[in-house]
Amino acid sequence: MAWNTPMTAVENSLLTAAQFNVHLRDNLLETEAARATAPVGDTARVWGGDGPNRSSEHFVKDRNVDSPTETTSTDEGYTDLATPGPMCSMTTASGFLVMMNCQLWTNTVNDAFASYTIYESDINGVAPDSEAGFFESPANTSRSIHTDGAWPAGAAANASNRQGVVQLWGNVPVKGIYTVKMVYKVSSNDAIGSFAQRRLQVMAI
Amino acid sequence: MAWTTPITAVANSTFQASQWNSSVRDNLAVQAPAISTTNGRLIVSNGVNTVAEREIAQSIDDANVSTSSTTFVTLGGGPAVTITTGIGCLVFVSSNIGIATNNTGLYGPSFNGDTPASGRCIMQDGDGTVTRDDRLGVTVGFMTLTPGSQTITLQARVTGGGPVSMQKRRIIGMAL
């Protein structure tokens with residue numbers, strides 16, 4: 001079904017069955033009330049644009065890995081911890097509003113980072129098994145939570161805080177299911193980065 | 001009023017008043033423009049063929065407050081928001097937080113009077129040597145709520161001897 005610009009009625013002309021079906025029935029069937037779906041577990045749904053003359057349900061999810069504290073010493077690039085994620089998978093035609101929080105620290109003057117990667121997937125976060133590759137927007141430091149290991153002189157080296165960032169990412173190449181997953185790194189492999197209370201909220205836009 | 005699948009009109013049949021009322025009038029009455037009341041609100045799904053209007057509320061208190069309580073307490077000025085939700089709500093928390101002792105300060109949202117889980121809170125480690133006064137923020141998702149009115153209040157505690165101090169405290173509740 002698609003939206004049709006409603007006709008302009010003309011005095012003394014009959015409203016035909018075909019006109020009713022196109023301009024009233026079909027347009028009513030395109031509305032939010034006609035297409036609102038049943039609740040799905042712990043997923044909230046906000047209505048938003050989905051291209052010209054089309055709206056859709058946009059999912060909002062929350063996923064947490066609250067324990068245990070896990071570590072990495074990888075400075076080569078962002079990586080999973082022993083317990084990956086958290087991650088959220090959902091359909092979007094545009095992108096995501098990404099909100100993530102984490103407690104993080106290092107045992108040296110080096111820095112710790114928690115960022116997120118976005119990749120094409122199924123609804124369970126599994127990427128396509130494709131030799132041709134698939135879409136991925138890799139994690140980077142500009143969209144990370146960052147703790148500076150160089151605390152003031154006299155401070156404990158492993159002092160930490162819990163903080164978060166909110167970012168808008170809107171570079172989906174084509175409408176489909178994508179996964180947003182938190183990944184982690186440190187600024188030097190001389191350091192051990194520790195991460196706890198990892199929380200991720202994602203809203204499709 | 002509830003959504004009804006509109007009739008399919010048939011040529012040369014009479015279009016009855018009852019068909020207009022159920023297929024057109026009543027279906028228009030459950031659309032977003034018909035249920036909208038206030039600027040700045042969202043439209044969300046609220047069950048099969050049902051949409052609802054949801055509020056985004058904010059409360060701010062800039063005053064500097066502190067506590068040495070080792071259990072979560074509400075500080076002067078809250079802040080708190082009360083919103084009507086469906087099954088979900090996003091809560092955005094931010095504040096300066098500082099602690100001068102070798103303990104940990106926590107500041108996060110209590111949902112309808114419950115005890116904030118540590119993972120909901122902004123957190124500042126102290127080491128008794130350097131007092132940081134960072135402004136931190138977290139987002140908390142509540143996605144398995146019983147729909148209805150919810151009051152969300154920021155509360156603070158320290159893990160040992162305090163005090164922990166906060167200022168420029170902000171809470172935003174987005175009902176879903």
# chains A, B, ... in the order shown; residues from 1 in each chain; ligands from 1

$ residues_around --residues "A:Met203" --least-positions-apart "2" --cutoff "10 Å" --atoms "only C-alpha atoms" --output "list in words"
Thr43, Ala44, Arg45, Val46, His58, Phe59, Val60, Lys61, Asp62, Cys88, Met90, Thr92, Gly95, Phe96, Leu97, Val98, Met99, Leu168, Gln201 and Ile205 of chain A

$ residues_around --residues "B:Pro163" --least-positions-apart "2" --cutoff "7 Å" --atoms "only C-alpha atoms" --output "count of residues only"
6

$ residues_around --residues "A:Met100" --least-positions-apart "6" --cutoff "6 Å" --atoms "only C-alpha atoms" --output "NGL selection string"
:A and (164-165 or 199-200)

$ write_last_selection --atoms "C-alpha atoms" --output "PDB file, in the first residue's frame"
ATOM      1  CA  GLY A 164      28.406   8.466  28.734  1.00  0.00           C
ATOM      2  CA  VAL A 165      28.011  10.044  25.334  1.00  0.00           C
ATOM      3  CA  ARG A 199      25.208   0.129  28.823  1.00  0.00           C
ATOM      4  CA  LEU A 200      23.902   0.890  25.337  1.00  0.00           C
TER       5      LEU A 200
END

$ residues_around --residues "B:Asn21" --least-positions-apart "3" --cutoff "12 Å" --atoms "only C-alpha atoms" --output "list in words"
Met1, Ala2, Trp3, Thr4, Pro6, Ile7, Phe15, Gln16, Ala17, Ser18, Val24, Arg25, Asp26, Asn27, Leu28 and Ala29 of chain B

$ closest_residue --among "A:Thr106, A:Ser160, A:Thr83, A:Gln197" --to "B:Val140" --atoms "only C-alpha atoms"
A:Gln197

$ interface_residues --of "chain B" --to "chain A" --cutoff "6 Å" --atoms "only C-alpha atoms" --output "list in words"
Pro6, Ala9, Val10, Ala11, Gln31, Ile43, Val44, Ser45, Gly47, Val48, Asn49, Thr50, Val51, Gly88, Gly119, Ile122, Met123, Gln124, Asp125, Asp127, Thr129, Val130, Leu136, Gly137, Val138, Gly141, Met143 and Thr144 of chain B

$ write_last_selection --atoms "N, CA and C atoms" --output "JSON list (two decimals), in the first residue's frame"
[["chain", "number", "residue", "atom", "x", "y", "z"],
["B", 6, "PRO", "N", -10.87, -0.28, 7.34],
["B", 6, "PRO", "CA", -11.91, 0.39, 6.56],
["B", 6, "PRO", "C", -12.51, -0.54, 5.51],
["B", 9, "ALA", "N", -15.09, -0.28, -0.74],
["B", 9, "ALA", "CA", -16.34, 0.14, -1.40],
["B", 9, "ALA", "C", -16.58, -0.69, -2.65],
["B", 10, "VAL", "N", -17.86, -0.92, -2.96],
["B", 10, "VAL", "CA", -18.27, -1.67, -4.15],
["B", 10, "VAL", "C", -19.13, -0.75, -5.01],
["B", 11, "ALA", "N", -18.87, -0.76, -6.29],
["B", 11, "ALA", "CA", -19.60, 0.12, -7.20],
["B", 11, "ALA", "C", -21.10, -0.13, -7.11],
["B", 31, "GLN", "N", -5.97, 8.98, 14.81],
["B", 31, "GLN", "CA", -4.70, 9.34, 14.17],
["B", 31, "GLN", "C", -3.94, 10.36, 15.02],
["B", 43, "ILE", "N", 5.10, 10.71, 18.98],
["B", 43, "ILE", "CA", 4.03, 9.75, 18.73],
["B", 43, "ILE", "C", 4.66, 8.36, 18.75],
["B", 44, "VAL", "N", 4.10, 7.47, 19.57],
["B", 44, "VAL", "CA", 4.65, 6.12, 19.72],
["B", 44, "VAL", "C", 3.55, 5.09, 19.49],
["B", 45, "SER", "N", 3.97, 3.86, 19.18],
["B", 45, "SER", "CA", 3.02, 2.75, 19.15],
["B", 45, "SER", "C", 2.68, 2.36, 20.57],
["B", 47, "GLY", "N", 0.46, -0.47, 21.24],
["B", 47, "GLY", "CA", -0.31, -1.69, 21.05],
["B", 47, "GLY", "C", -0.76, -1.79, 19.61],
["B", 48, "VAL", "N", -1.40, -2.90, 19.28],
["B", 48, "VAL", "CA", -1.84, -3.12, 17.89],
["B", 48, "VAL", "C", -2.84, -2.03, 17.50],
["B", 49, "ASN", "N", -2.56, -1.35, 16.39],
["B", 49, "ASN", "CA", -3.47, -0.31, 15.85],
["B", 49, "ASN", "C", -3.76, 0.81, 16.84],
["B", 50, "THR", "N", -2.80, 1.09, 17.70],
["B", 50, "THR", "CA", -2.98, 2.17, 18.67],
["B", 50, "THR", "C", -1.71, 3.00, 18.76],
["B", 51, "VAL", "N", -1.86, 4.32, 18.65],
["B", 51, "VAL", "CA", -0.72, 5.21, 18.87],
["B", 51, "VAL", "C", -1.05, 6.14, 20.03],
["B", 88, "GLY", "N", 8.15, 1.84, 27.86],
["B", 88, "GLY", "CA", 9.54, 2.28, 27.86],
["B", 88, "GLY", "C", 9.75, 3.71, 28.27],
["B", 119, "GLY", "N", 24.76, 0.60, 37.97],
["B", 119, "GLY", "CA", 24.94, 0.82, 36.54],
["B", 119, "GLY", "C", 24.12, 1.96, 35.99],
["B", 122, "ILE", "N", 25.93, 8.00, 37.30],
["B", 122, "ILE", "CA", 27.26, 8.54, 37.07],
["B", 122, "ILE", "C", 28.07, 8.22, 38.32],
["B", 123, "MET", "N", 29.39, 8.12, 38.17],
["B", 123, "MET", "CA", 30.22, 7.64, 39.27],
["B", 123, "MET", "C", 31.55, 8.36, 39.26],
["B", 124, "GLN", "N", 32.04, 8.70, 40.44],
["B", 124, "GLN", "CA", 33.35, 9.33, 40.56],
["B", 124, "GLN", "C", 34.13, 8.61, 41.66],
["B", 125, "ASP", "N", 35.31, 8.08, 41.29],
["B", 125, "ASP", "CA", 36.22, 7.50, 42.28],
["B", 125, "ASP", "C", 37.02, 8.60, 42.94],
["B", 127, "ASP", "N", 40.39, 9.31, 45.63],
["B", 127, "ASP", "CA", 41.54, 8.61, 46.20],
["B", 127, "ASP", "C", 42.08, 9.30, 47.44],
["B", 129, "THR", "N", 43.38, 12.10, 47.67],
["B", 129, "THR", "CA", 44.50, 13.00, 47.37],
["B", 129, "THR", "C", 44.06, 14.14, 46.46],
["B", 130, "VAL", "N", 43.40, 13.76, 45.38],
["B", 130, "VAL", "CA", 42.98, 14.74, 44.38],
["B", 130, "VAL", "C", 41.46, 14.71, 44.30],
["B", 136, "LEU", "N", 29.62, 14.75, 34.46],
["B", 136, "LEU", "CA", 29.45, 13.47, 33.77],
["B", 136, "LEU", "C", 27.99, 13.27, 33.41],
["B", 137, "GLY", "N", 27.75, 12.35, 32.49],
["B", 137, "GLY", "CA", 26.37, 12.05, 32.11],
["B", 137, "GLY", "C", 26.21, 10.60, 31.72],
["B", 138, "VAL", "N", 25.04, 10.04, 31.95],
["B", 138, "VAL", "CA", 24.69, 8.70, 31.49],
["B", 138, "VAL", "C", 23.26, 8.71, 30.98],
["B", 141, "GLY", "N", 18.04, 3.22, 30.12],
["B", 141, "GLY", "CA", 16.84, 2.76, 29.44],
["B", 141, "GLY", "C", 16.01, 1.87, 30.35],
["B", 143, "MET", "N", 12.79, -0.46, 29.74],
["B", 143, "MET", "CA", 12.01, -0.93, 28.60],
["B", 143, "MET", "C", 11.00, -2.02, 28.95],
["B", 144, "THR", "N", 10.79, -2.26, 30.23],
["B", 144, "THR", "CA", 9.81, -3.27, 30.63],
["B", 144, "THR", "C", 8.89, -2.70, 31.71]]

$ atom_distance --atom1 "atom CA of B:Arg169" --atom2 "atom CA of B:Gly98"
12.6 Å

$ residues_around --residues "A:Leu81" --least-positions-apart "6" --cutoff "10 Å" --atoms "only C-alpha atoms" --output "PDB file with N, CA and C atoms, in the first residue's frame"
ATOM      1  N   THR A  69      33.685  -6.884  35.465  1.00  0.00           N
ATOM      2  CA  THR A  69      34.693  -5.998  34.902  1.00  0.00           C
ATOM      3  C   THR A  69      35.599  -6.808  33.991  1.00  0.00           C
ATOM      4  N   GLU A  70      35.815  -6.307  32.779  1.00  0.00           N
ATOM      5  CA  GLU A  70      36.665  -7.023  31.841  1.00  0.00           C
ATOM      6  C   GLU A  70      37.730  -6.097  31.303  1.00  0.00           C
ATOM      7  N   THR A  71      38.789  -6.680  30.794  1.00  0.00           N
ATOM      8  CA  THR A  71      39.954  -5.878  30.424  1.00  0.00           C
ATOM      9  C   THR A  71      40.408  -6.164  29.008  1.00  0.00           C
ATOM     10  N   THR A  72      41.166  -5.212  28.477  1.00  0.00           N
ATOM     11  CA  THR A  72      41.847  -5.412  27.207  1.00  0.00           C
ATOM     12  C   THR A  72      43.154  -4.638  27.246  1.00  0.00           C
ATOM     13  N   MET A 182      29.124  -2.143  21.135  1.00  0.00           N
ATOM     14  CA  MET A 182      30.225  -1.474  21.826  1.00  0.00           C
ATOM     15  C   MET A 182      31.493  -2.317  21.734  1.00  0.00           C
ATOM     16  N   VAL A 183      32.633  -1.652  21.471  1.00  0.00           N
ATOM     17  CA  VAL A 183      33.949  -2.288  21.411  1.00  0.00           C
ATOM     18  C   VAL A 183      34.952  -1.388  22.143  1.00  0.00           C
ATOM     19  N   TYR A 184      36.175  -1.913  22.408  1.00  0.00           N
ATOM     20  CA  TYR A 184      37.041  -1.285  23.421  1.00  0.00           C
ATOM     21  C   TYR A 184      38.509  -1.320  23.006  1.00  0.00           C
ATOM     22  N   LYS A 185      39.283  -0.358  23.507  1.00  0.00           N
ATOM     23  CA  LYS A 185      40.724  -0.363  23.271  1.00  0.00           C
ATOM     24  C   LYS A 185      41.415   0.491  24.332  1.00  0.00           C
ATOM     25  N   SER A 194      40.295  -1.374  31.850  1.00  0.00           N
ATOM     26  CA  SER A 194      39.221  -2.113  32.517  1.00  0.00           C
ATOM     27  C   SER A 194      37.889  -1.423  32.245  1.00  0.00           C
ATOM     28  N   PHE A 195      36.852  -2.225  32.064  1.00  0.00           N
ATOM     29  CA  PHE A 195      35.545  -1.707  31.663  1.00  0.00           C
ATOM     30  C   PHE A 195      34.458  -2.421  32.461  1.00  0.00           C
TER      31      PHE A 195
END

$ residues_around --residues "B:Val164" --least-positions-apart "6" --cutoff "10 Å" --atoms "only C-alpha atoms" --output "list of chain:residue names"
B:Val65, B:Ser66, B:Thr67, B:Ser68, B:Ser69, B:Ile97, B:Gly98, B:Ile99, B:Ala100, B:Thr101, B:Asn103, B:Thr104, B:Gly105, B:Leu106, B:Tyr107, B:Gln124, B:Gly126, B:Ala156, B:Arg157, B:Val158

$ write_last_selection --atoms "C-alpha atoms" --output "CSV table (one decimal), in the first residue's frame"
chain,number,residue,atom,x,y,z
B,65,VAL,CA,24.5,19.9,47.3
B,66,SER,CA,26.3,17.1,49.2
B,67,THR,CA,25.7,14.0,51.2
B,68,SER,CA,27.7,11.5,53.3
B,69,SER,CA,24.9,8.9,53.2
B,97,ILE,CA,30.3,15.1,40.9
B,98,GLY,CA,33.2,15.4,43.2
B,99,ILE,CA,34.5,13.4,46.2
B,100,ALA,CA,37.5,14.3,48.4
B,101,THR,CA,37.9,11.0,50.2
B,103,ASN,CA,35.6,6.4,48.4
B,104,THR,CA,33.2,6.4,45.5
B,105,GLY,CA,30.3,8.7,44.8
B,106,LEU,CA,27.2,7.6,42.9
B,107,TYR,CA,24.4,9.7,41.5
B,124,GLN,CA,33.4,9.3,40.6
B,126,GLY,CA,38.1,9.4,44.9
B,156,ALA,CA,23.1,10.0,45.6
B,157,ARG,CA,25.3,7.9,47.9
B,158,VAL,CA,28.9,7.3,48.8

$ select_by_dssp --residues "stretch 70-205 of chain A" --states "strand (DSSP E or B)" --output "MDAnalysis selection string"
chainID A and resid 70:72 79 87:92 96:106 112:120 136:137 145:147 161:169 176:186 193:204

$ atom_distance --atom1 "atom CA of B:Ile87" --atom2 "atom CA of B:Ala175"
8.7 Å

$ residues_around --residues "stretch 52-54 of chain A" --least-positions-apart "5" --cutoff "10 Å" --atoms "only C-alpha atoms" --output "JSON, numbers by chain"
{"A": [2, 3, 4, 5, 30, 31, 32]}

$ atom_distance --atom1 "atom CA of A:Thr91" --atom2 "atom CA of A:Gln167"
18.0 Å

$ closest_residue --among "A:Val126, A:Ala191, A:Ala114, A:Ala9" --to "A:Asp80" --atoms "only C-alpha atoms"
A:Ala114
